[in-house]
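Note: the block below is coords-v3.pdb and it holds PDB, C-alpha atoms.
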ATOM      1  CA  MET A   1      66.457 -41.739   3.597
ATOM      2  CA  GLY A   2      62.817 -41.272   2.598
ATOM      3  CA  TYR A   3      60.682 -38.403   3.396
ATOM      4  CA  GLY A   4      57.102 -39.020   4.560
ATOM      5  CA  LEU A   5      54.193 -36.786   5.203
ATOM      6  CA  CYS A   6      53.969 -35.507   8.733
ATOM      7  CA  PRO A   7      50.624 -36.270  10.373
ATOM      8  CA  ALA A   8      48.448 -33.251  10.998
ATOM      9  CA  THR A   9      48.464 -31.977  14.534
ATOM     10  CA  PRO A  10      45.095 -32.558  16.196
ATOM     11  CA  ALA A  11      43.192 -29.387  16.907
ATOM     12  CA  TRP A  12      42.910 -30.229  20.593
ATOM     13  CA  GLN A  13      46.717 -30.415  20.941
ATOM     14  CA  SER A  14      47.178 -26.919  19.431
ATOM     15  CA  THR A  15      44.617 -25.459  21.826
ATOM     16  CA  GLY A  16      45.753 -27.342  24.904
ATOM     17  CA  LEU A  17      42.292 -28.796  25.487
ATOM     18  CA  LYS A  18      41.312 -32.396  25.652
ATOM     19  CA  PRO A  19      38.980 -33.690  22.930
ATOM     20  CA  SER A  20      35.917 -33.641  25.171
ATOM     21  CA  ALA A  21      36.623 -30.150  26.472
ATOM     22  CA  TYR A  22      37.408 -28.884  22.970
ATOM     23  CA  SER A  23      34.108 -30.261  21.610
ATOM     24  CA  ARG A  24      32.126 -28.774  24.448
ATOM     25  CA  ASN A  25      33.837 -25.416  23.984
ATOM     26  CA  GLU A  26      33.190 -25.495  20.223
ATOM     27  CA  VAL A  27      29.509 -26.350  20.659
ATOM     28  CA  SER A  28      29.073 -23.655  23.287
ATOM     29  CA  TYR A  29      30.697 -21.035  21.044
ATOM     30  CA  ALA A  30      28.565 -22.069  18.048
ATOM     31  CA  SER A  31      25.346 -21.962  20.047
ATOM     32  CA  LYS A  32      26.178 -18.519  21.438
ATOM     33  CA  ALA A  33      27.061 -17.236  17.979
ATOM     34  CA  SER A  34      23.815 -18.531  16.483
ATOM     35  CA  PHE A  35      21.814 -17.062  19.389
ATOM     36  CA  ASN A  36      23.450 -13.650  18.966
ATOM     37  CA  MET A  37      22.923 -13.832  15.195
ATOM     38  CA  SER A  38      19.236 -14.604  15.652
ATOM     39  CA  ARG A  39      18.884 -11.659  18.033
ATOM     40  CA  GLU A  40      20.625  -9.360  15.590
ATOM     41  CA  THR A  41      18.794 -10.491  12.488
ATOM     42  CA  ALA A  42      15.231 -10.476  13.875
ATOM     43  CA  PRO A  43      14.844  -6.666  13.759
ATOM     44  CA  SER A  44      16.611  -6.509  10.423
ATOM     45  CA  LEU A  45      14.230  -9.099   9.001
ATOM     46  CA  ARG A  46      11.258  -7.001  10.116
ATOM     47  CA  LYS A  47      12.795  -3.882   8.597
ATOM     48  CA  ARG A  48      13.502  -5.807   5.414
ATOM     49  CA  ALA A  49       9.859  -6.938   5.227
ATOM     50  CA  LEU A  50       8.701  -3.336   5.652
ATOM     51  CA  ALA A  51      11.077  -2.192   2.930
ATOM     52  CA  ARG A  52      10.206  -4.986   0.495
ATOM     53  CA  HIS A  53       6.407  -4.800   0.707
ATOM     54  CA  PRO A  54       5.270  -1.181   1.148
ATOM     55  CA  SER A  55       2.277  -1.790  -1.125
ATOM     56  CA  ALA A  56       1.032  -4.501   1.230
ATOM     57  CA  PHE A  57       0.928  -2.103   4.181
ATOM     58  CA  LEU A  58      -0.859   0.565   2.152
ATOM     59  CA  LEU A  59      -3.433  -1.978   0.982
ATOM     60  CA  ALA A  60      -3.924  -3.293   4.531
ATOM     61  CA  ALA A  61      -4.386   0.238   5.880
ATOM     62  CA  GLN A  62      -7.017   1.077   3.285
ATOM     63  CA  LEU A  63      -8.916  -2.148   3.945
ATOM     64  CA  LEU A  64      -8.737  -1.466   7.678
ATOM     65  CA  SER A  65     -10.201   1.987   7.084
ATOM     66  CA  LEU A  66     -13.275   0.290   5.592
ATOM     67  CA  VAL A  67     -13.797  -1.509   8.891
ATOM     68  CA  LEU A  68     -13.394   1.772  10.773
ATOM     69  CA  TYR A  69     -15.908   3.509   8.484
ATOM     70  CA  ALA A  70     -18.424   0.739   9.105
ATOM     71  CA  ALA A  71     -17.952   1.006  12.868
ATOM     72  CA  PHE A  72     -17.532   4.752  13.508
ATOM     73  CA  ASP A  73     -18.883   6.712  10.536
ATOM     74  CA  ASP A  74     -22.069   7.793  12.332
ATOM     75  CA  ALA A  75     -20.352   8.902  15.561
ATOM     76  CA  ALA A  76     -18.830  12.358  16.021
ATOM     77  CA  SER A  77     -15.797  10.931  17.828
ATOM     78  CA  GLY A  78     -15.446   8.379  15.050
ATOM     79  CA  ARG A  79     -14.933  11.125  12.493
ATOM     80  CA  ILE A  80     -11.904  12.359  14.428
ATOM     81  CA  LEU A  81     -10.515   8.831  14.446
ATOM     82  CA  LEU A  82     -11.184   8.425  10.733
ATOM     83  CA  SER A  83      -9.505  11.746   9.976
ATOM     84  CA  ALA A  84      -6.439  10.753  11.983
ATOM     85  CA  PHE A  85      -6.324   7.386  10.232
ATOM     86  CA  GLY A  86      -6.686   9.181   6.910
ATOM     87  CA  VAL A  87      -3.540  11.169   7.688
ATOM     88  CA  LEU A  88      -1.746   7.867   8.322
ATOM     89  CA  ILE A  89      -2.849   6.602   4.916
ATOM     90  CA  LEU A  90      -1.498   9.802   3.350
ATOM     91  CA  VAL A  91       1.893   9.133   4.962
ATOM     92  CA  LEU A  92       1.831   5.535   3.698
ATOM     93  CA  ALA A  93       0.996   6.799   0.209
ATOM     94  CA  VAL A  94       4.038   9.086   0.283
ATOM     95  CA  TRP A  95       6.154   6.166   1.494
ATOM     96  CA  VAL A  96       4.973   4.040  -1.419
ATOM     97  CA  VAL A  97       5.845   6.829  -3.850
ATOM     98  CA  ASN A  98       9.301   6.978  -2.273
ATOM     99  CA  ARG A  99       9.798   3.306  -3.238
ATOM    100  CA  SER A 100       8.712   3.924  -6.838
ATOM    101  CA  PRO A 101      10.346   5.764  -9.759
ATOM    102  CA  ALA A 102       8.114   8.827  -9.187
ATOM    103  CA  ALA A 103       9.306  12.066  -7.610
ATOM    104  CA  ASN A 104       8.826  12.054  -3.843
ATOM    105  CA  TRP A 105       8.624  15.836  -3.448
ATOM    106  CA  ILE A 106       5.438  15.970  -5.516
ATOM    107  CA  ALA A 107       3.795  13.506  -3.130
ATOM    108  CA  TRP A 108       4.747  15.647  -0.117
ATOM    109  CA  LEU A 109       3.524  18.747  -1.951
ATOM    110  CA  LEU A 110       0.095  17.107  -2.203
ATOM    111  CA  ALA A 111       0.027  15.276   1.139
ATOM    112  CA  ILE A 112       0.787  18.218   3.441
ATOM    113  CA  PRO A 113      -2.054  20.527   2.297
ATOM    114  CA  ALA A 114      -4.392  17.524   2.108
ATOM    115  CA  ALA A 115      -3.761  16.647   5.757
ATOM    116  CA  VAL A 116      -3.882  20.257   6.971
ATOM    117  CA  LEU A 117      -7.068  21.138   5.087
ATOM    118  CA  SER A 118      -8.810  17.943   6.155
ATOM    119  CA  LEU A 119      -8.093  18.617   9.842
ATOM    120  CA  LEU A 120      -9.049  22.293   9.507
ATOM    121  CA  GLY A 121     -12.269  21.289   7.777
ATOM    122  CA  LEU A 122     -13.073  19.040  10.725
ATOM    123  CA  PHE A 123     -12.382  21.585  13.473
ATOM    124  CA  VAL A 124     -12.568  25.050  11.849
ATOM    125  CA  SER A 125     -14.687  25.295   8.695
ATOM    126  CA  PRO A 126     -16.494  22.474   6.833
ATOM    127  CA  THR A 127     -15.968  24.328   3.543
ATOM    128  CA  LEU A 128     -12.274  23.387   3.703
ATOM    129  CA  VAL A 129     -13.151  19.691   3.509
ATOM    130  CA  ALA A 130     -13.714  19.918  -0.244
ATOM    131  CA  TRP A 131     -10.290  21.505  -0.796
ATOM    132  CA  GLY A 132      -8.657  18.846   1.347
ATOM    133  CA  ALA A 133     -10.498  16.156  -0.605
ATOM    134  CA  LEU A 134      -9.232  17.663  -3.865
ATOM    135  CA  PHE A 135      -5.609  17.399  -2.699
ATOM    136  CA  GLU A 136      -6.207  13.879  -1.377
ATOM    137  CA  ALA A 137      -7.634  12.798  -4.730
ATOM    138  CA  ALA A 138      -4.597  14.253  -6.509
ATOM    139  CA  LEU A 139      -2.245  12.403  -4.130
ATOM    140  CA  TYR A 140      -4.076   9.096  -4.582
ATOM    141  CA  PHE A 141      -3.993   9.405  -8.363
ATOM    142  CA  TYR A 142      -0.312  10.323  -8.303
ATOM    143  CA  THR A 143       0.455   7.355  -6.041
ATOM    144  CA  ALA A 144      -1.558   5.045  -8.302
ATOM    145  CA  ALA A 145       0.356   6.302 -11.347
ATOM    146  CA  SER A 146       3.672   5.735  -9.553
ATOM    147  CA  LEU A 147       2.643   2.177  -8.649
ATOM    148  CA  ILE A 148       1.638   1.475 -12.255
ATOM    149  CA  ALA A 149       5.051   2.736 -13.414
ATOM    150  CA  TYR A 150       6.647   0.523 -10.769
ATOM    151  CA  MET A 151       4.732  -2.559 -11.949
ATOM    152  CA  LEU A 152       5.521  -1.892 -15.613
ATOM    153  CA  GLY A 153       9.180  -1.152 -14.956
ATOM    154  CA  ASP A 154      10.497  -4.687 -15.483
ATOM    155  CA  TYR A 155       9.598  -8.108 -16.859
ATOM    156  CA  ARG A 156       9.381 -10.038 -13.607
ATOM    157  CA  VAL A 157       6.565 -10.240 -11.087
ATOM    158  CA  THR A 158       7.466  -9.840  -7.418
ATOM    159  CA  VAL A 159       5.291 -10.356  -4.356
ATOM    160  CA  ASP A 160       5.172  -6.621  -3.730
ATOM    161  CA  GLU A 161       3.912  -6.030  -7.266
ATOM    162  CA  LEU A 162       1.015  -8.396  -6.600
ATOM    163  CA  PHE A 163       0.149  -6.344  -3.519
ATOM    164  CA  ALA A 164       0.552  -3.224  -5.664
ATOM    165  CA  VAL A 165      -2.228  -4.480  -7.965
ATOM    166  CA  GLY A 166      -4.729  -4.364  -5.105
ATOM    167  CA  ALA A 167      -3.308  -1.149  -3.631
ATOM    168  CA  THR A 168      -3.569   0.638  -6.981
ATOM    169  CA  PHE A 169      -7.215  -0.361  -7.382
ATOM    170  CA  THR A 170      -8.066   0.954  -3.911
ATOM    171  CA  LEU A 171      -6.124   4.159  -4.585
ATOM    172  CA  LEU A 172      -8.145   4.776  -7.742
ATOM    173  CA  ALA A 173     -11.409   4.006  -5.941
ATOM    174  CA  TRP A 174     -10.510   6.363  -3.076
ATOM    175  CA  GLY A 175      -9.363   9.064  -5.494
ATOM    176  CA  PHE A 176     -12.628   9.109  -7.421
ATOM    177  CA  ALA A 177     -14.601   8.975  -4.164
ATOM    178  CA  TYR A 178     -12.867  12.180  -3.079
ATOM    179  CA  LEU A 179     -13.655  13.731  -6.471
ATOM    180  CA  TYR A 180     -17.325  12.808  -5.956
ATOM    181  CA  LEU A 181     -17.091  14.516  -2.565
ATOM    182  CA  VAL A 182     -15.711  17.680  -4.213
ATOM    183  CA  CYS A 183     -18.406  17.522  -6.889
ATOM    184  CA  GLN A 184     -21.094  17.192  -4.222
ATOM    185  CA  ALA A 185     -19.710  20.191  -2.310
ATOM    186  CA  TRP A 186     -19.373  22.461  -5.319
ATOM    187  CA  SER A 187     -22.453  21.227  -7.192
ATOM    188  CA  PRO A 188     -25.063  20.212  -4.590
ATOM    189  CA  GLY A 189     -27.446  17.481  -5.685
ATOM    190  CA  CYS A 190     -25.082  15.934  -8.240
ATOM    191  CA  ILE A 191     -25.182  12.578  -6.396
ATOM    192  CA  ALA A 192     -28.536  11.088  -5.393
ATOM    193  CA  GLY A 193     -30.045   7.848  -4.186
ATOM    194  CA  GLY A 194     -29.917   5.786  -1.051
ATOM    195  CA  PRO A 195     -31.671   6.667   2.200
ATOM    196  CA  ASN A 196     -32.547  10.339   2.628
ATOM    197  CA  PRO A 197     -31.855  11.272  -1.019
ATOM    198  CA  GLU A 198     -32.195  14.973  -0.284
ATOM    199  CA  GLN A 199     -29.197  14.854   2.079
ATOM    200  CA  PRO A 200     -25.546  14.958   0.929
ATOM    201  CA  ARG A 201     -24.012  11.520   0.573
ATOM    202  CA  THR A 202     -21.515  10.384   3.203
ATOM    203  CA  PHE A 203     -17.984   9.465   2.184
ATOM    204  CA  ILE A 204     -18.596   5.741   2.614
ATOM    205  CA  GLU A 205     -21.582   6.020   0.249
ATOM    206  CA  LEU A 206     -19.444   7.850  -2.302
ATOM    207  CA  LEU A 207     -16.718   5.223  -1.892
ATOM    208  CA  PHE A 208     -19.359   2.545  -2.489
ATOM    209  CA  LEU A 209     -20.389   4.320  -5.694
ATOM    210  CA  SER A 210     -16.756   4.650  -6.759
ATOM    211  CA  SER A 211     -15.889   0.994  -6.088
ATOM    212  CA  THR A 212     -18.877  -0.393  -7.946
ATOM    213  CA  ASN A 213     -18.291   1.975 -10.850
ATOM    214  CA  LEU A 214     -14.540   1.298 -11.073
ATOM    215  CA  SER A 215     -15.066  -2.467 -10.997
ATOM    216  CA  ALA A 216     -17.899  -2.185 -13.579
ATOM    217  CA  THR A 217     -20.293  -4.162 -11.369
ATOM    218  CA  GLY A 218     -22.887  -1.363 -11.367
ATOM    219  CA  LEU A 219     -24.617  -2.502  -8.184
ATOM    220  CA  SER A 220     -24.720   0.868  -6.410
ATOM    221  CA  ASP A 221     -27.973   2.524  -5.369
ATOM    222  CA  ILE A 222     -26.052   5.844  -5.306
ATOM    223  CA  VAL A 223     -26.023   7.434  -8.755
ATOM    224  CA  PRO A 224     -24.802  10.703 -10.313
ATOM    225  CA  VAL A 225     -27.718  12.718 -11.669
ATOM    226  CA  THR A 226     -26.098  15.927 -12.991
ATOM    227  CA  PRO A 227     -23.636  16.402 -15.873
ATOM    228  CA  PRO A 228     -20.551  16.962 -13.633
ATOM    229  CA  GLY A 229     -21.244  13.796 -11.651
ATOM    230  CA  ARG A 230     -21.922  11.739 -14.760
ATOM    231  CA  VAL A 231     -18.729  12.955 -16.428
ATOM    232  CA  LEU A 232     -16.776  11.784 -13.370
ATOM    233  CA  ALA A 233     -18.526   8.420 -13.562
ATOM    234  CA  ILE A 234     -17.646   8.035 -17.251
ATOM    235  CA  LEU A 235     -13.993   8.893 -16.585
ATOM    236  CA  GLU A 236     -13.891   6.356 -13.753
ATOM    237  CA  GLN A 237     -15.347   3.645 -15.983
ATOM    238  CA  PHE A 238     -12.659   4.273 -18.599
ATOM    239  CA  THR A 239     -10.014   4.209 -15.863
ATOM    240  CA  GLY A 240     -11.235   0.902 -14.429
ATOM    241  CA  ILE A 241     -11.390  -0.853 -17.791
ATOM    242  CA  GLY A 242      -7.998   0.520 -18.838
ATOM    243  CA  TYR A 243      -6.388  -0.511 -15.543
ATOM    244  CA  VAL A 244      -7.589  -4.099 -15.806
ATOM    245  CA  ALA A 245      -6.667  -4.354 -19.495
ATOM    246  CA  MET A 246      -3.207  -2.785 -19.186
ATOM    247  CA  VAL A 247      -1.831  -3.736 -15.783
ATOM    248  CA  VAL A 248      -3.612  -6.803 -14.453
ATOM    249  CA  SER A 249      -3.535  -8.718 -17.741
ATOM    250  CA  ARG A 250       0.174  -7.915 -18.164
ATOM    251  CA  LEU A 251       1.055  -9.200 -14.695
ATOM    252  CA  VAL A 252      -0.970 -12.380 -15.235
ATOM    253  CA  GLY A 253       0.788 -12.959 -18.552
ATOM    254  CA  LEU A 254       4.225 -12.393 -17.018
ATOM    255  CA  THR A 255       3.426 -14.778 -14.161
ATOM    256  CA  ILE A 256       2.385 -17.550 -16.565
ATOM    257  CA  THR A 257       5.460 -16.950 -18.728
ATOM    258  CA  ASP A 258       7.763 -17.084 -15.712
ATOM    259  CA  ARG A 259       6.241 -20.365 -14.525
ATOM    260  CA  ASP A 260       6.631 -21.919 -17.983
ATOM    261  CA  ARG A 261      10.258 -20.802 -18.088
ATOM    262  CA  GLN A 262      10.931 -22.378 -14.676
ATOM    263  CA  ARG A 263       9.366 -25.662 -15.758
ATOM    264  CA  LYS A 264      11.494 -25.824 -18.897
ATOM    265  CA  SER A 265      14.665 -25.100 -16.963
TER     266      SER A 265
END

C-alpha cells encoding of this file:
Amino acid sequence: MGYGLCPATPAWQSTGLKPSAYSRNEVSYASKASFNMSRETAPSLRKRALARHPSAFLLAAQLLSLVLYAAFDDAASGRILLSAFGVLILVLAVWVVNRSPAANWIAWLLAIPAAVLSLLGLFVSPTLVAWGALFEAALYFYTAASLIAYMLGDYRVTVDELFAVGATFTLLAWGFAYLYLVCQAWSPGCIAGGPNPEQPRTFIELLFLSSTNLSATGLSDIVPVTPPGRVLAILEQFTGIGYVAMVVSRLVGLTITDRDRQRKS
C-alpha cells in the first residue's frame, strides 16, 4: 500500500471562513496594520530627521537671523526679538555639540553666561553686552571646532556633514563678528567706515565685515583701523583660508572618491 502526500489544508478551512470572506478579512487587517504603522512612524520619522541633521537646523536658524536683522535691526522692539532668537541659536549650538565628539558641559558653561549677559546688557546695563559677546564668540568657536572634528572623524561624507560645512562657516563668521563687537566696546574707534563713521558699528555691519573677511572677498566698506582690530582681521583671514584648505577640500575629495568607488562596484 503506497503512501502519498496529503494535500495541504486550505487556509479558509482552518479559519472557518469562506474564500471571499477570508480574503476580505485579510485585506482589511493588512490595511489597518499599514494605517496604524504609518501613524506610528510619522512622528518617529520627524524625530529621526531632527536627530540626523542637527547642523541643517543650526544653519537654517543662522540664515533666518540674517533676515530678521535686515527687517528689525533699527527698531527697539526688534532688538528684543533678535536677542531672543540669539538665545535660540545658542541652544541649537549646544545641541550640535551634543551630537559631536566634543564635551557637552563646556558648551553649556559658555552658553549660559552668554545668554544671561546678553539679556542683562539689553535690559540692565549696555556694558554687559561686550562680556556676553565674548562668551558667545567662545561658544561659536567651540561649536565650530566640534563640527570640524565631527567632519574629520571618518572617511565617508554624509548629508549632515555637508550641512555642517555651511554651519561651520557661519559659526566662524558669527564668532569673529562678536570679537569685533568686543574690540569696538573695549577699544572705541577700532572699526570705521560706512555711514556715520564716528558712530559705533552695528552688529550686522560687523557681521558683514566678518563674512567678507572670512571668505577673502574683501568687499566690505567697514574696515579695522587700529592694531587690535587689524590683528583680529589677520587671524580671521588665516582661519578662513585654513578652513577651506583643510575641511572643504577634504570633503570634496572624499565625495569624488566615494562616487568613483560606487561606479566601479

Considering all atoms listed in the file, return as a ChimeraX atom specification whatever protein or nucleic-acid residues lie within 9 Å of Leu122 in chain A, sequence-local ones (same chain, fewer than 5 positions apart) excluded. /A:79-80,83,117,128-129

Could you tell me, as an NGL selection string, exactly which residues end up selected when the PyMOL selection byres ((chain A and resi 163) around 10) is applied to this structure? :A and (53-60 or 158-162 or 164-168)

Could those residues be written to a file, using C-alpha atoms, as a compact mmCIF listing (two decimals), in the coordinates of the input?
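Writing done, so here's result-v6.txt:
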# COMPACT_ATOMS: atom_id res chain seq x y z
CA HIS A 53 6.41 -4.80 0.71
CA PRO A 54 5.27 -1.18 1.15
CA SER A 55 2.28 -1.79 -1.12
CA ALA A 56 1.03 -4.50 1.23
CA PHE A 57 0.93 -2.10 4.18
CA LEU A 58 -0.86 0.56 2.15
CA LEU A 59 -3.43 -1.98 0.98
CA ALA A 60 -3.92 -3.29 4.53
CA THR A 158 7.47 -9.84 -7.42
CA VAL A 159 5.29 -10.36 -4.36
CA ASP A 160 5.17 -6.62 -3.73
CA GLU A 161 3.91 -6.03 -7.27
CA LEU A 162 1.01 -8.40 -6.60
CA ALA A 164 0.55 -3.22 -5.66
CA VAL A 165 -2.23 -4.48 -7.96
CA GLY A 166 -4.73 -4.36 -5.11
CA ALA A 167 -3.31 -1.15 -3.63
CA THR A 168 -3.57 0.64 -6.98

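Here CA of Glu198 in chain A stands at a distance of 28.1 Å from CA of Thr170 in chain A.
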
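Residues matching the PyMOL selection byres ((chain A and resi 131) around 10) in this structure come to Pro113, Ala114, Leu117, Ser118, Gly121, Pro126, Thr127, Leu128, Val129, Ala130, Gly132, Ala133, Leu134, Phe135, Glu136, Ala137, Tyr178, Leu181, Val182 and Ala185 of chain A.
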
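We find CA of Leu66 in chain A and CA of Met246 in chain A to be spaced 26.9 Å apart.
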
Kindly give the distance, in Å, that separates CA of Val116 in chain A and CA of Val91 in chain A, rounded to a single decimal. 12.7 Å

Just so the selection is clear, what residues does the PyMOL selection byres ((chain A and resi 139-150) around 7) cover here, as a PyMOL selection string? chain A and resi 93+97+100-102+107+110-111+135-138+151-153+164+168+171-172+175

Any chance you could export the current selection's C-alpha atoms as a short mmCIF file (atom, residue, chain, number, x, y, z; two decimals), in the coordinates of the input?
data_model
loop_
_atom_site.label_atom_id
_atom_site.label_comp_id
_atom_site.auth_asym_id
_atom_site.auth_seq_id
_atom_site.Cartn_x
_atom_site.Cartn_y
_atom_site.Cartn_z
CA ALA A 93 1.00 6.80 0.21
CA VAL A 97 5.84 6.83 -3.85
CA SER A 100 8.71 3.92 -6.84
CA PRO A 101 10.35 5.76 -9.76
CA ALA A 102 8.11 8.83 -9.19
CA ALA A 107 3.80 13.51 -3.13
CA LEU A 110 0.10 17.11 -2.20
CA ALA A 111 0.03 15.28 1.14
CA PHE A 135 -5.61 17.40 -2.70
CA GLU A 136 -6.21 13.88 -1.38
CA ALA A 137 -7.63 12.80 -4.73
CA ALA A 138 -4.60 14.25 -6.51
CA MET A 151 4.73 -2.56 -11.95
CA LEU A 152 5.52 -1.89 -15.61
CA GLY A 153 9.18 -1.15 -14.96
CA ALA A 164 0.55 -3.22 -5.66
CA THR A 168 -3.57 0.64 -6.98
CA LEU A 171 -6.12 4.16 -4.58
CA LEU A 172 -8.14 4.78 -7.74
CA GLY A 175 -9.36 9.06 -5.49
#
